[in-house]
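Next up, data_13.cif (mmCIF, C-alpha atoms, pLDDT in the B column; chains and numbers go by the auth columns):
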```
data_data
loop_
_atom_site.group_PDB
_atom_site.id
_atom_site.type_symbol
_atom_site.label_atom_id
_atom_site.label_comp_id
_atom_site.label_asym_id
_atom_site.label_seq_id
_atom_site.Cartn_x
_atom_site.Cartn_y
_atom_site.Cartn_z
_atom_site.B_iso_or_equiv
_atom_site.auth_seq_id
_atom_site.auth_asym_id
ATOM 1 C CA MET A 1 -30.393 -17.837 -0.135 84.00 9 A
ATOM 2 C CA THR A 2 -31.599 -20.439 -2.589 93.00 10 A
ATOM 3 C CA THR A 3 -30.345 -20.739 -6.136 94.00 11 A
ATOM 4 C CA ASN A 4 -33.655 -19.443 -7.527 93.00 12 A
ATOM 5 C CA GLU A 5 -33.573 -16.426 -5.211 94.00 13 A
ATOM 6 C CA PHE A 6 -30.006 -15.707 -6.274 93.00 14 A
ATOM 7 C CA ILE A 7 -30.946 -15.947 -9.951 94.00 15 A
ATOM 8 C CA ASP A 8 -33.954 -13.664 -9.395 94.00 16 A
ATOM 9 C CA GLU A 9 -31.751 -11.095 -7.657 94.00 17 A
ATOM 10 C CA ILE A 10 -29.211 -11.182 -10.488 94.00 18 A
ATOM 11 C CA LYS A 11 -32.011 -10.756 -13.061 92.00 19 A
ATOM 12 C CA GLU A 12 -33.374 -7.737 -11.190 93.00 20 A
ATOM 13 C CA ARG A 13 -29.913 -6.144 -11.013 93.00 21 A
ATOM 14 C CA ILE A 14 -29.292 -6.707 -14.731 93.00 22 A
ATOM 15 C CA ILE A 15 -32.670 -5.231 -15.639 91.00 23 A
ATOM 16 C CA ALA A 16 -32.095 -2.246 -13.353 91.00 24 A
ATOM 17 C CA GLU A 17 -28.752 -1.559 -15.055 90.00 25 A
ATOM 18 C CA LEU A 18 -29.761 -2.207 -18.669 89.00 26 A
ATOM 19 C CA LEU A 19 -33.272 -0.743 -18.793 89.00 27 A
ATOM 20 C CA PRO A 20 -32.325 2.958 -18.563 89.00 28 A
ATOM 21 C CA ALA A 21 -29.625 2.607 -21.228 86.00 29 A
ATOM 22 C CA THR A 22 -31.950 0.645 -23.503 89.00 30 A
ATOM 23 C CA GLN A 23 -34.715 3.202 -23.103 89.00 31 A
ATOM 24 C CA GLU A 24 -32.274 6.002 -23.885 88.00 32 A
ATOM 25 C CA VAL A 25 -31.139 4.274 -27.083 89.00 33 A
ATOM 26 C CA MET A 26 -34.724 3.637 -28.186 88.00 34 A
ATOM 27 C CA ASN A 27 -35.758 7.219 -27.440 86.00 35 A
ATOM 28 C CA GLN A 28 -32.827 8.483 -29.514 86.00 36 A
ATOM 29 C CA ARG A 29 -33.721 6.182 -32.422 84.00 37 A
ATOM 30 C CA TYR A 30 -37.318 7.376 -32.323 80.00 38 A
ATOM 31 C CA ALA A 31 -36.202 11.020 -32.222 78.00 39 A
ATOM 32 C CA ASP A 32 -33.914 10.391 -35.212 77.00 40 A
ATOM 33 C CA ARG A 33 -36.786 8.873 -37.181 68.00 41 A
ATOM 34 C CA LEU A 34 -39.061 11.764 -36.356 68.00 42 A
ATOM 35 C CA LYS A 35 -36.467 14.151 -37.760 67.00 43 A
ATOM 36 C CA ARG A 36 -36.448 12.253 -41.049 67.00 44 A
ATOM 37 C CA ALA A 37 -40.255 12.003 -41.268 86.00 45 A
ATOM 38 C CA THR A 38 -40.102 9.319 -43.984 90.00 46 A
ATOM 39 C CA LEU A 39 -38.912 5.730 -43.866 92.00 47 A
ATOM 40 C CA SER A 40 -37.628 3.297 -46.444 93.00 48 A
ATOM 41 C CA ALA A 41 -39.479 0.007 -46.874 95.00 49 A
ATOM 42 C CA GLU A 42 -36.941 -1.769 -44.679 96.00 50 A
ATOM 43 C CA GLU A 43 -37.234 0.862 -41.938 94.00 51 A
ATOM 44 C CA ALA A 44 -41.043 0.912 -42.164 96.00 52 A
ATOM 45 C CA ALA A 45 -41.231 -2.875 -41.857 97.00 53 A
ATOM 46 C CA GLU A 46 -38.998 -2.762 -38.788 96.00 54 A
ATOM 47 C CA TYR A 47 -40.986 0.142 -37.320 95.00 55 A
ATOM 48 C CA ILE A 48 -44.334 -1.661 -37.500 95.00 56 A
ATOM 49 C CA GLY A 49 -42.877 -5.092 -36.750 96.00 57 A
ATOM 50 C CA ILE A 50 -43.498 -7.024 -39.956 97.00 58 A
ATOM 51 C CA SER A 51 -41.333 -8.506 -42.692 97.00 59 A
ATOM 52 C CA LYS A 52 -40.341 -6.431 -45.691 96.00 60 A
ATOM 53 C CA THR A 53 -42.038 -9.004 -47.941 97.00 61 A
ATOM 54 C CA LEU A 54 -45.339 -8.555 -46.115 97.00 62 A
ATOM 55 C CA LEU A 55 -44.971 -4.782 -46.253 97.00 63 A
ATOM 56 C CA TYR A 56 -44.484 -4.910 -50.050 95.00 64 A
ATOM 57 C CA ALA A 57 -47.565 -7.128 -50.390 97.00 65 A
ATOM 58 C CA MET A 58 -49.638 -4.759 -48.260 97.00 66 A
ATOM 59 C CA ALA A 59 -48.419 -1.753 -50.250 95.00 67 A
ATOM 60 C CA LYS A 60 -49.222 -3.470 -53.547 94.00 68 A
ATOM 61 C CA ALA A 61 -52.734 -4.224 -52.232 97.00 69 A
ATOM 62 C CA ARG A 62 -53.006 -0.583 -51.110 95.00 70 A
ATOM 63 C CA SER A 63 -53.769 -1.606 -47.547 96.00 71 A
ATOM 64 C CA ILE A 64 -50.979 0.539 -46.074 97.00 72 A
ATOM 65 C CA PRO A 65 -50.132 4.148 -47.004 96.00 73 A
ATOM 66 C CA TRP A 66 -46.989 4.790 -49.067 95.00 74 A
ATOM 67 C CA PHE A 67 -45.751 6.991 -51.894 91.00 75 A
ATOM 68 C CA PRO A 68 -43.283 6.471 -54.735 90.00 76 A
ATOM 69 C CA VAL A 69 -39.931 8.239 -54.951 88.00 77 A
ATOM 70 C CA GLY A 70 -37.979 8.346 -58.176 82.00 78 A
ATOM 71 C CA SER A 71 -38.087 9.768 -61.630 75.00 79 A
ATOM 72 C CA ARG A 72 -41.472 10.156 -63.269 77.00 80 A
ATOM 73 C CA GLY A 73 -42.400 7.039 -65.214 76.00 81 A
ATOM 74 C CA SER A 74 -39.807 4.922 -63.444 76.00 82 A
ATOM 75 C CA GLN A 75 -40.525 1.210 -63.774 78.00 83 A
ATOM 76 C CA LYS A 76 -39.391 0.553 -60.217 79.00 84 A
ATOM 77 C CA PRO A 77 -39.887 3.586 -57.964 81.00 85 A
ATOM 78 C CA GLN A 78 -38.655 3.378 -54.404 90.00 86 A
ATOM 79 C CA MET A 79 -41.325 3.151 -51.744 92.00 87 A
ATOM 80 C CA ARG A 80 -41.378 5.664 -48.931 93.00 88 A
ATOM 81 C CA PHE A 81 -43.574 5.623 -45.856 95.00 89 A
ATOM 82 C CA ARG A 82 -44.439 8.731 -43.878 92.00 90 A
ATOM 83 C CA LEU A 83 -43.972 8.094 -40.175 89.00 91 A
ATOM 84 C CA SER A 84 -47.112 9.997 -39.217 87.00 92 A
ATOM 85 C CA SER A 85 -49.152 7.980 -41.755 92.00 93 A
ATOM 86 C CA LEU A 86 -47.839 4.716 -40.334 95.00 94 A
ATOM 87 C CA ASP A 87 -48.696 5.844 -36.804 92.00 95 A
ATOM 88 C CA HIS A 88 -52.201 6.796 -37.925 93.00 96 A
ATOM 89 C CA TRP A 89 -52.581 3.485 -39.797 95.00 97 A
ATOM 90 C CA MET A 90 -51.481 1.497 -36.716 95.00 98 A
ATOM 91 C CA ASP A 91 -53.900 3.458 -34.507 95.00 99 A
ATOM 92 C CA GLU A 92 -56.705 2.642 -36.948 94.00 100 A
ATOM 93 C CA GLN A 93 -55.756 -1.041 -37.071 93.00 101 A
ATOM 94 C CA GLU A 94 -55.762 -1.163 -33.283 92.00 102 A
ATOM 95 C CA ARG A 95 -59.142 0.560 -33.110 92.00 103 A
ATOM 96 C CA LEU A 96 -60.630 -1.851 -35.657 89.00 104 A
ATOM 97 C CA ASN A 97 -59.173 -4.828 -33.811 87.00 105 A
ATOM 98 C CA TYR A 98 -60.756 -3.831 -30.494 86.00 106 A
ATOM 99 C CA GLU A 99 -64.006 -2.428 -31.820 79.00 107 A
ATOM 100 C CA ALA A 100 -67.000 -4.252 -30.385 62.00 108 A
ATOM 101 C CA PRO A 101 -68.887 -6.391 -32.910 67.00 109 A
ATOM 102 C CA LYS A 102 -72.217 -4.925 -34.014 66.00 110 A
ATOM 103 C CA GLY A 103 -75.197 -6.190 -32.085 60.00 111 A
ATOM 104 C CA CYS A 104 -73.364 -6.590 -28.761 56.00 112 A
#
```

Would it be possible to restate this file's structure as structure tokens?
Amino acid sequence: MTTNEFIDEIKERIIAELLPATQEVMNQRYADRLKRATLSAEEAAEYIGISKTLLYAMAKARSIPWFPVGSRGSQKPQMRFRLSSLDHWMDEQERLNYEAPKGC
């Protein structure tokens, strides 16, 4: 057995052992988020895979759905993001990204 074959075998064994546990953890995290139904800005940024700074900029530009939480007239309300709205927004972004250009 060559060194590369040995390394490949070790990689396959590690993946086979870690993948089920990793999937279980991720499934549990997703289930926990679904129970909550809303996400903080930090959680929403992590969920869609962008920085919190970019998320705030997108929210300010009204290019991503969010709603304020806090007392009426608050100068700095907290942002909340509905999980279902983020999923719908991501589906729409994906559709727009792969939509065929007009005239093709």

Query raised in the report: Could you spell out the hits of the PyMOL selection byres ((chain A and resi 56) around 12) on the shown file, as a PyMOL selection string?
Result: chain A and resi 47+49-55+57-60+62-63+72+89+91+93-99+101

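If you apply the PyMOL selection byres ((chain A and resi 86) around 9) to this structure, you end up with A:Ser48, A:Ala49, A:Phe75, A:Pro76, A:Val77, A:Gly78, A:Lys84, A:Pro85, A:Met87, A:Arg88.
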
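A straight line drawn from atom CA of Leu26 of chain A to atom CA of Thr11 of chain A is 22.4 Å long.
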
Counting only C-alpha atoms, closest pick from A:Arg21, A:Ser79, A:Ser92, A:Ala65 relative to Thr46 of chain A is A:Ser92

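Pairwise distance (atom CA of Arg90 of chain A, atom CA of Trp74 of chain A) equals 7.0 Å.
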